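A.B. asks: Sending over a structure as structure tokens; questions will come in a sec.
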Amino acid sequence: MAGEPQADCLFCKIVTGDIPATVVRETETTVAFRDINPQAPTHVLVIPKVHYPDAASLAAAEPVITADLLREAGQIALDEKITDHGYRIVFNTGAGAGQTVFHAHAHLLGGRGLQWPPG
């Protein structure tokens, strides 16, 4: 069922603490942790504690939690001191776009110049 933890989901296991992660912030609705394969000096994943396969399904079902996720990304950018030079928040949706864990999540990237268009 959407929203419920999935036994085979890596990010659900991080939410429950069954898999360790370097957590940088946690709220009632979100967890943020460092990416294990960073693509920029600052690369933090911000995930909802509820399980939805992608950002669109999360937004449709849980708009308040979606807003929480974006607000947390902004706060982490402040905490990481990357707001002055800019940062990027990326949601990959589907395998063809590079999504490898099918639990909605935002990539917060910063700390270096980020070219446009990406990828």
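Here, A, B, ... name the chains of the structure tokens in the order displayed, residue numbers run from 1 inside each chain, and ligands are numbered from 1 in the same displayed order.
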Can you pull out the residues contacting A:Val101? Cut-off 12 Å, using only C-alpha atoms, and skip same-chain residues under 2 positions away; I want them as a list in words.

C.D. replies: Gln6, Asp8, Cys9, Leu10, Phe11, Cys12, Lys13, Leu45, Ile47, His51, Tyr52, Pro53, Asp54, Ala55, Phe91, Asn92, Thr93, Gly94, Ala95, Ala97, Gly98, Gln99, His103, Ala104, His105 and Ala106 of chain A

A.B. asks: Kindly assemble as CSV a list of the stretch 8-44 of chain A residues that lie within 10 Å of stretch 69-73 of chain A, each paired with its nearest atom pair and their distance in Å to one decimal, using only C-alpha atoms, sorted first by chain and then by ascending residue number.

C.D. replies:
residue,atom,partner,partner_atom,distance
A:Arg25,CA,A:Glu72,CA,8.1
A:Glu26,CA,A:Glu72,CA,8.8
A:Thr27,CA,A:Glu72,CA,8.5
A:Thr29,CA,A:Leu69,CA,8.0
A:Thr30,CA,A:Leu69,CA,6.4
A:Val31,CA,A:Leu69,CA,8.7
A:Ala32,CA,A:Glu72,CA,8.1
A:Val44,CA,A:Ala73,CA,8.4

A.B. asks: Counting only C-alpha atoms, which residue out of A:His43, A:Pro5, A:Pro48, A:Ala59 sits closest to A:Arg112?

C.D. replies: A:His43

A.B. asks: Just give me the gap between atom CA of A:Gly3 and atom CA of A:Val15 in Å, one decimal is fine.

C.D. replies: 12.8 Å

A.B. asks: Report as a PyMOL selection string: the residues of stretch 6-111 of chain A with a DSSP assignment of strand (DSSP E or B), based on the backbone of this structure.

C.D. replies: chain A and resi 23-26+30-34+42-48+51+87-90+106-110

A.B. asks: Can you measure atom CA of A:Thr22 to atom CA of A:Ile76 for me? One decimal in Å is fine.

C.D. replies: 13.6 Å

A.B. asks: Calculate how many Å separate atom CA of A:Ala21 from atom CA of A:Phe33, rounding to one decimal.

C.D. replies: 6.2 Å

A.B. asks: Please provide the set of residues having any atom within 8 Å of stretch 82-89 of chain A, restricted to only C-alpha atoms, with same-chain residues fewer than 5 positions apart removed, written as a PyMOL selection string.

C.D. replies: chain A and resi 73+77+106-112+114

A.B. asks: Using the chain letters and numbers from this document, which residues of stretch 10-85 of chain A does DSSP assign to alpha helix (DSSP H), as a PDB file with all heavy atoms, in the first residue's frame?

C.D. replies:
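The result, stored in selection_3.pdb:
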ATOM      1  N   LEU A  10      15.368   0.103   0.323  1.00  0.00           N
ATOM      2  CA  LEU A  10      16.568   0.588   1.004  1.00  0.00           C
ATOM      3  C   LEU A  10      16.262   1.819   1.855  1.00  0.00           C
ATOM      4  O   LEU A  10      16.688   1.908   3.014  1.00  0.00           O
ATOM      5  CB  LEU A  10      17.644   0.909  -0.040  1.00  0.00           C
ATOM      6  CG  LEU A  10      18.901   1.605   0.453  1.00  0.00           C
ATOM      7  CD1 LEU A  10      19.712   0.662   1.332  1.00  0.00           C
ATOM      8  CD2 LEU A  10      19.733   2.088  -0.719  1.00  0.00           C
ATOM      9  N   PHE A  11      15.527   2.786   1.312  1.00  0.00           N
ATOM     10  CA  PHE A  11      15.272   4.026   2.051  1.00  0.00           C
ATOM     11  C   PHE A  11      14.306   3.808   3.205  1.00  0.00           C
ATOM     12  O   PHE A  11      14.447   4.444   4.255  1.00  0.00           O
ATOM     13  CB  PHE A  11      14.792   5.127   1.115  1.00  0.00           C
ATOM     14  CG  PHE A  11      15.869   5.662   0.205  1.00  0.00           C
ATOM     15  CD1 PHE A  11      15.548   6.563  -0.796  1.00  0.00           C
ATOM     16  CD2 PHE A  11      17.198   5.280   0.319  1.00  0.00           C
ATOM     17  CE1 PHE A  11      16.513   7.069  -1.648  1.00  0.00           C
ATOM     18  CE2 PHE A  11      18.181   5.777  -0.531  1.00  0.00           C
ATOM     19  CZ  PHE A  11      17.831   6.684  -1.515  1.00  0.00           C
ATOM     20  N   CYS A  12      13.331   2.904   3.061  1.00  0.00           N
ATOM     21  CA  CYS A  12      12.466   2.570   4.198  1.00  0.00           C
ATOM     22  C   CYS A  12      13.304   1.995   5.331  1.00  0.00           C
ATOM     23  O   CYS A  12      13.054   2.289   6.506  1.00  0.00           O
ATOM     24  CB  CYS A  12      11.371   1.587   3.780  1.00  0.00           C
ATOM     25  SG  CYS A  12      10.050   2.306   2.772  1.00  0.00           S
ATOM     26  N   LYS A  13      14.323   1.206   4.983  1.00  0.00           N
ATOM     27  CA  LYS A  13      15.198   0.617   6.003  1.00  0.00           C
ATOM     28  C   LYS A  13      16.076   1.677   6.659  1.00  0.00           C
ATOM     29  O   LYS A  13      16.417   1.558   7.839  1.00  0.00           O
ATOM     30  CB  LYS A  13      16.048  -0.493   5.393  1.00  0.00           C
ATOM     31  CG  LYS A  13      15.219  -1.713   5.013  1.00  0.00           C
ATOM     32  CD  LYS A  13      16.070  -2.775   4.358  1.00  0.00           C
ATOM     33  CE  LYS A  13      15.218  -3.966   3.942  1.00  0.00           C
ATOM     34  NZ  LYS A  13      16.016  -4.994   3.285  1.00  0.00           N
ATOM     35  N   ILE A  14      16.428   2.723   5.932  1.00  0.00           N
ATOM     36  CA  ILE A  14      17.167   3.838   6.542  1.00  0.00           C
ATOM     37  C   ILE A  14      16.248   4.584   7.504  1.00  0.00           C
ATOM     38  O   ILE A  14      16.653   4.943   8.612  1.00  0.00           O
ATOM     39  CB  ILE A  14      17.760   4.761   5.460  1.00  0.00           C
ATOM     40  CG1 ILE A  14      18.931   4.039   4.762  1.00  0.00           C
ATOM     41  CG2 ILE A  14      18.197   6.102   6.055  1.00  0.00           C
ATOM     42  CD1 ILE A  14      19.506   4.770   3.568  1.00  0.00           C
ATOM     43  N   VAL A  15      14.980   4.792   7.112  1.00  0.00           N
ATOM     44  CA  VAL A  15      14.012   5.461   7.985  1.00  0.00           C
ATOM     45  C   VAL A  15      13.866   4.709   9.301  1.00  0.00           C
ATOM     46  O   VAL A  15      13.857   5.318  10.378  1.00  0.00           O
ATOM     47  CB  VAL A  15      12.642   5.617   7.280  1.00  0.00           C
ATOM     48  CG1 VAL A  15      11.562   6.045   8.271  1.00  0.00           C
ATOM     49  CG2 VAL A  15      12.731   6.611   6.128  1.00  0.00           C
ATOM     50  N   THR A  16      13.785   3.388   9.235  1.00  0.00           N
ATOM     51  CA  THR A  16      13.588   2.590  10.457  1.00  0.00           C
ATOM     52  C   THR A  16      14.878   2.373  11.246  1.00  0.00           C
ATOM     53  O   THR A  16      14.843   1.886  12.369  1.00  0.00           O
ATOM     54  CB  THR A  16      12.983   1.212  10.122  1.00  0.00           C
ATOM     55  OG1 THR A  16      13.889   0.490   9.285  1.00  0.00           O
ATOM     56  CG2 THR A  16      11.621   1.346   9.463  1.00  0.00           C
ATOM     57  N   ALA A  55       8.471  11.310  -6.827  1.00  0.00           N
ATOM     58  CA  ALA A  55       8.041  12.624  -6.349  1.00  0.00           C
ATOM     59  C   ALA A  55       6.608  12.955  -6.755  1.00  0.00           C
ATOM     60  O   ALA A  55       5.861  13.561  -5.974  1.00  0.00           O
ATOM     61  CB  ALA A  55       9.000  13.699  -6.866  1.00  0.00           C
ATOM     62  N   ALA A  56       6.199  12.578  -7.958  1.00  0.00           N
ATOM     63  CA  ALA A  56       4.847  12.898  -8.412  1.00  0.00           C
ATOM     64  C   ALA A  56       3.795  12.181  -7.574  1.00  0.00           C
ATOM     65  O   ALA A  56       2.783  12.784  -7.189  1.00  0.00           O
ATOM     66  CB  ALA A  56       4.692  12.550  -9.891  1.00  0.00           C
ATOM     67  N   SER A  57       4.012  10.911  -7.278  1.00  0.00           N
ATOM     68  CA  SER A  57       3.036  10.173  -6.468  1.00  0.00           C
ATOM     69  C   SER A  57       3.032  10.696  -5.027  1.00  0.00           C
ATOM     70  O   SER A  57       1.971  10.778  -4.396  1.00  0.00           O
ATOM     71  CB  SER A  57       3.274   8.671  -6.525  1.00  0.00           C
ATOM     72  OG  SER A  57       4.541   8.332  -6.023  1.00  0.00           O
ATOM     73  N   LEU A  58       4.186  11.082  -4.514  1.00  0.00           N
ATOM     74  CA  LEU A  58       4.252  11.699  -3.186  1.00  0.00           C
ATOM     75  C   LEU A  58       3.463  12.998  -3.176  1.00  0.00           C
ATOM     76  O   LEU A  58       2.636  13.233  -2.295  1.00  0.00           O
ATOM     77  CB  LEU A  58       5.705  11.956  -2.779  1.00  0.00           C
ATOM     78  CG  LEU A  58       5.890  12.742  -1.479  1.00  0.00           C
ATOM     79  CD1 LEU A  58       5.416  11.944  -0.274  1.00  0.00           C
ATOM     80  CD2 LEU A  58       7.346  13.168  -1.321  1.00  0.00           C
ATOM     81  N   ALA A  59       3.682  13.853  -4.157  1.00  0.00           N
ATOM     82  CA  ALA A  59       3.007  15.153  -4.210  1.00  0.00           C
ATOM     83  C   ALA A  59       1.496  14.997  -4.331  1.00  0.00           C
ATOM     84  O   ALA A  59       0.733  15.748  -3.711  1.00  0.00           O
ATOM     85  CB  ALA A  59       3.555  15.985  -5.364  1.00  0.00           C
ATOM     86  N   ALA A  60       1.054  14.027  -5.126  1.00  0.00           N
ATOM     87  CA  ALA A  60      -0.383  13.819  -5.312  1.00  0.00           C
ATOM     88  C   ALA A  60      -1.049  13.345  -4.023  1.00  0.00           C
ATOM     89  O   ALA A  60      -2.154  13.769  -3.691  1.00  0.00           O
ATOM     90  CB  ALA A  60      -0.624  12.819  -6.444  1.00  0.00           C
ATOM     91  N   ALA A  61      -0.371  12.477  -3.288  1.00  0.00           N
ATOM     92  CA  ALA A  61      -0.966  11.884  -2.089  1.00  0.00           C
ATOM     93  C   ALA A  61      -0.685  12.674  -0.814  1.00  0.00           C
ATOM     94  O   ALA A  61      -1.502  12.667   0.108  1.00  0.00           O
ATOM     95  CB  ALA A  61      -0.460  10.449  -1.928  1.00  0.00           C
ATOM     96  N   PRO A  63       0.726  16.298  -0.186  1.00  0.00           N
ATOM     97  CA  PRO A  63       1.300  17.615  -0.517  1.00  0.00           C
ATOM     98  C   PRO A  63       2.005  18.293   0.659  1.00  0.00           C
ATOM     99  O   PRO A  63       3.001  18.982   0.459  1.00  0.00           O
ATOM    100  CB  PRO A  63       0.108  18.430  -1.019  1.00  0.00           C
ATOM    101  CG  PRO A  63      -1.102  17.693  -0.563  1.00  0.00           C
ATOM    102  CD  PRO A  63      -0.717  16.258  -0.423  1.00  0.00           C
ATOM    103  N   VAL A  64       1.529  18.094   1.865  1.00  0.00           N
ATOM    104  CA  VAL A  64       2.172  18.722   3.026  1.00  0.00           C
ATOM    105  C   VAL A  64       3.556  18.118   3.253  1.00  0.00           C
ATOM    106  O   VAL A  64       4.527  18.840   3.509  1.00  0.00           O
ATOM    107  CB  VAL A  64       1.280  18.595   4.285  1.00  0.00           C
ATOM    108  CG1 VAL A  64       2.023  19.067   5.528  1.00  0.00           C
ATOM    109  CG2 VAL A  64      -0.010  19.385   4.096  1.00  0.00           C
ATOM    110  N   ILE A  65       3.671  16.800   3.134  1.00  0.00           N
ATOM    111  CA  ILE A  65       4.977  16.155   3.305  1.00  0.00           C
ATOM    112  C   ILE A  65       5.917  16.552   2.173  1.00  0.00           C
ATOM    113  O   ILE A  65       7.114  16.743   2.396  1.00  0.00           O
ATOM    114  CB  ILE A  65       4.821  14.624   3.421  1.00  0.00           C
ATOM    115  CG1 ILE A  65       4.087  14.294   4.732  1.00  0.00           C
ATOM    116  CG2 ILE A  65       6.179  13.930   3.376  1.00  0.00           C
ATOM    117  CD1 ILE A  65       3.767  12.830   4.915  1.00  0.00           C
ATOM    118  N   THR A  66       5.377  16.731   0.970  1.00  0.00           N
ATOM    119  CA  THR A  66       6.199  17.199  -0.147  1.00  0.00           C
ATOM    120  C   THR A  66       6.772  18.580   0.166  1.00  0.00           C
ATOM    121  O   THR A  66       7.964  18.831  -0.063  1.00  0.00           O
ATOM    122  CB  THR A  66       5.376  17.232  -1.448  1.00  0.00           C
ATOM    123  OG1 THR A  66       4.803  15.937  -1.661  1.00  0.00           O
ATOM    124  CG2 THR A  66       6.235  17.613  -2.635  1.00  0.00           C
ATOM    125  N   ALA A  67       5.951  19.452   0.713  1.00  0.00           N
ATOM    126  CA  ALA A  67       6.428  20.784   1.104  1.00  0.00           C
ATOM    127  C   ALA A  67       7.468  20.670   2.215  1.00  0.00           C
ATOM    128  O   ALA A  67       8.477  21.390   2.201  1.00  0.00           O
ATOM    129  CB  ALA A  67       5.260  21.654   1.547  1.00  0.00           C
ATOM    130  N   ASP A  68       7.251  19.763   3.169  1.00  0.00           N
ATOM    131  CA  ASP A  68       8.234  19.539   4.236  1.00  0.00           C
ATOM    132  C   ASP A  68       9.585  19.153   3.644  1.00  0.00           C
ATOM    133  O   ASP A  68      10.631  19.649   4.078  1.00  0.00           O
ATOM    134  CB  ASP A  68       7.786  18.417   5.174  1.00  0.00           C
ATOM    135  CG  ASP A  68       6.577  18.756   6.027  1.00  0.00           C
ATOM    136  OD1 ASP A  68       6.183  19.939   6.094  1.00  0.00           O
ATOM    137  OD2 ASP A  68       6.021  17.807   6.620  1.00  0.00           O
ATOM    138  N   LEU A  69       9.561  18.262   2.661  1.00  0.00           N
ATOM    139  CA  LEU A  69      10.784  17.784   2.027  1.00  0.00           C
ATOM    140  C   LEU A  69      11.548  18.944   1.383  1.00  0.00           C
ATOM    141  O   LEU A  69      12.759  19.089   1.584  1.00  0.00           O
ATOM    142  CB  LEU A  69      10.422  16.717   0.999  1.00  0.00           C
ATOM    143  CG  LEU A  69      11.560  15.892   0.429  1.00  0.00           C
ATOM    144  CD1 LEU A  69      11.064  14.490   0.123  1.00  0.00           C
ATOM    145  CD2 LEU A  69      12.072  16.518  -0.825  1.00  0.00           C
ATOM    146  N   LEU A  70      10.847  19.792   0.662  1.00  0.00           N
ATOM    147  CA  LEU A  70      11.493  20.937   0.014  1.00  0.00           C
ATOM    148  C   LEU A  70      11.997  21.955   1.037  1.00  0.00           C
ATOM    149  O   LEU A  70      13.082  22.515   0.884  1.00  0.00           O
ATOM    150  CB  LEU A  70      10.544  21.599  -0.979  1.00  0.00           C
ATOM    151  CG  LEU A  70      10.272  20.767  -2.225  1.00  0.00           C
ATOM    152  CD1 LEU A  70       9.115  21.355  -3.018  1.00  0.00           C
ATOM    153  CD2 LEU A  70      11.522  20.671  -3.080  1.00  0.00           C
ATOM    154  N   ARG A  71      11.220  22.188   2.083  1.00  0.00           N
ATOM    155  CA  ARG A  71      11.649  23.112   3.135  1.00  0.00           C
ATOM    156  C   ARG A  71      12.917  22.593   3.806  1.00  0.00           C
ATOM    157  O   ARG A  71      13.862  23.351   4.072  1.00  0.00           O
ATOM    158  CB  ARG A  71      10.518  23.297   4.149  1.00  0.00           C
ATOM    159  CG  ARG A  71      10.826  24.313   5.243  1.00  0.00           C
ATOM    160  CD  ARG A  71       9.645  24.593   6.179  1.00  0.00           C
ATOM    161  NE  ARG A  71       8.826  23.443   6.486  1.00  0.00           N
ATOM    162  CZ  ARG A  71       7.626  23.183   5.947  1.00  0.00           C
ATOM    163  NH1 ARG A  71       7.113  23.997   5.040  1.00  0.00           N
ATOM    164  NH2 ARG A  71       6.953  22.103   6.306  1.00  0.00           N
ATOM    165  N   GLU A  72      12.972  21.294   4.075  1.00  0.00           N
ATOM    166  CA  GLU A  72      14.162  20.704   4.683  1.00  0.00           C
ATOM    167  C   GLU A  72      15.375  20.840   3.761  1.00  0.00           C
ATOM    168  O   GLU A  72      16.476  21.107   4.221  1.00  0.00           O
ATOM    169  CB  GLU A  72      13.914  19.242   5.046  1.00  0.00           C
ATOM    170  CG  GLU A  72      13.125  19.074   6.316  1.00  0.00           C
ATOM    171  CD  GLU A  72      13.792  19.750   7.495  1.00  0.00           C
ATOM    172  OE1 GLU A  72      14.935  19.401   7.849  1.00  0.00           O
ATOM    173  OE2 GLU A  72      13.172  20.657   8.074  1.00  0.00           O
ATOM    174  N   ALA A  73      15.180  20.630   2.468  1.00  0.00           N
ATOM    175  CA  ALA A  73      16.292  20.790   1.526  1.00  0.00           C
ATOM    176  C   ALA A  73      16.845  22.211   1.611  1.00  0.00           C
ATOM    177  O   ALA A  73      18.062  22.421   1.629  1.00  0.00           O
ATOM    178  CB  ALA A  73      15.838  20.466   0.106  1.00  0.00           C
ATOM    179  N   GLY A  74      15.968  23.187   1.681  1.00  0.00           N
ATOM    180  CA  GLY A  74      16.413  24.579   1.814  1.00  0.00           C
ATOM    181  C   GLY A  74      17.148  24.831   3.114  1.00  0.00           C
ATOM    182  O   GLY A  74      18.161  25.550   3.143  1.00  0.00           O
ATOM    183  N   GLN A  75      16.676  24.253   4.200  1.00  0.00           N
ATOM    184  CA  GLN A  75      17.345  24.428   5.493  1.00  0.00           C
ATOM    185  C   GLN A  75      18.714  23.758   5.498  1.00  0.00           C
ATOM    186  O   GLN A  75      19.680  24.304   6.034  1.00  0.00           O
ATOM    187  CB  GLN A  75      16.481  23.870   6.627  1.00  0.00           C
ATOM    188  CG  GLN A  75      17.073  24.118   8.000  1.00  0.00           C
ATOM    189  CD  GLN A  75      17.292  25.584   8.296  1.00  0.00           C
ATOM    190  OE1 GLN A  75      16.371  26.397   8.192  1.00  0.00           O
ATOM    191  NE2 GLN A  75      18.515  25.954   8.659  1.00  0.00           N
ATOM    192  N   ILE A  76      18.796  22.603   4.897  1.00  0.00           N
ATOM    193  CA  ILE A  76      20.090  21.908   4.824  1.00  0.00           C
ATOM    194  C   ILE A  76      21.066  22.726   3.979  1.00  0.00           C
ATOM    195  O   ILE A  76      22.250  22.830   4.326  1.00  0.00           O
ATOM    196  CB  ILE A  76      19.912  20.481   4.278  1.00  0.00           C
ATOM    197  CG1 ILE A  76      19.105  19.640   5.271  1.00  0.00           C
ATOM    198  CG2 ILE A  76      21.268  19.825   3.997  1.00  0.00           C
ATOM    199  CD1 ILE A  76      18.497  18.388   4.679  1.00  0.00           C
ATOM    200  N   ALA A  77      20.588  23.307   2.895  1.00  0.00           N
ATOM    201  CA  ALA A  77      21.452  24.171   2.078  1.00  0.00           C
ATOM    202  C   ALA A  77      22.006  25.314   2.928  1.00  0.00           C
ATOM    203  O   ALA A  77      23.196  25.654   2.820  1.00  0.00           O
ATOM    204  CB  ALA A  77      20.685  24.703   0.873  1.00  0.00           C
ATOM    205  N   LEU A  78      21.182  25.907   3.783  1.00  0.00           N
ATOM    206  CA  LEU A  78      21.668  26.951   4.699  1.00  0.00           C
ATOM    207  C   LEU A  78      22.697  26.379   5.667  1.00  0.00           C
ATOM    208  O   LEU A  78      23.768  26.969   5.861  1.00  0.00           O
ATOM    209  CB  LEU A  78      20.504  27.544   5.494  1.00  0.00           C
ATOM    210  CG  LEU A  78      19.614  28.542   4.784  1.00  0.00           C
ATOM    211  CD1 LEU A  78      18.363  28.827   5.608  1.00  0.00           C
ATOM    212  CD2 LEU A  78      20.376  29.823   4.499  1.00  0.00           C
ATOM    213  N   ASP A  79      22.370  25.241   6.270  1.00  0.00           N
ATOM    214  CA  ASP A  79      23.281  24.608   7.236  1.00  0.00           C
ATOM    215  C   ASP A  79      24.622  24.256   6.605  1.00  0.00           C
ATOM    216  O   ASP A  79      25.665  24.357   7.256  1.00  0.00           O
ATOM    217  CB  ASP A  79      22.663  23.336   7.814  1.00  0.00           C
ATOM    218  CG  ASP A  79      21.417  23.587   8.666  1.00  0.00           C
ATOM    219  OD1 ASP A  79      21.135  24.764   9.014  1.00  0.00           O
ATOM    220  OD2 ASP A  79      20.724  22.594   8.968  1.00  0.00           O
TER     221      ASP A  79
END

A.B. asks: Given only C-alpha atoms as the basis, pick out the residue of A:Val46, A:Gln39, A:Lys81, A:Gln115 nearest to A:Val23.

C.D. replies: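 Closest to A:Val23, using only C-alpha atoms: A:Val46.
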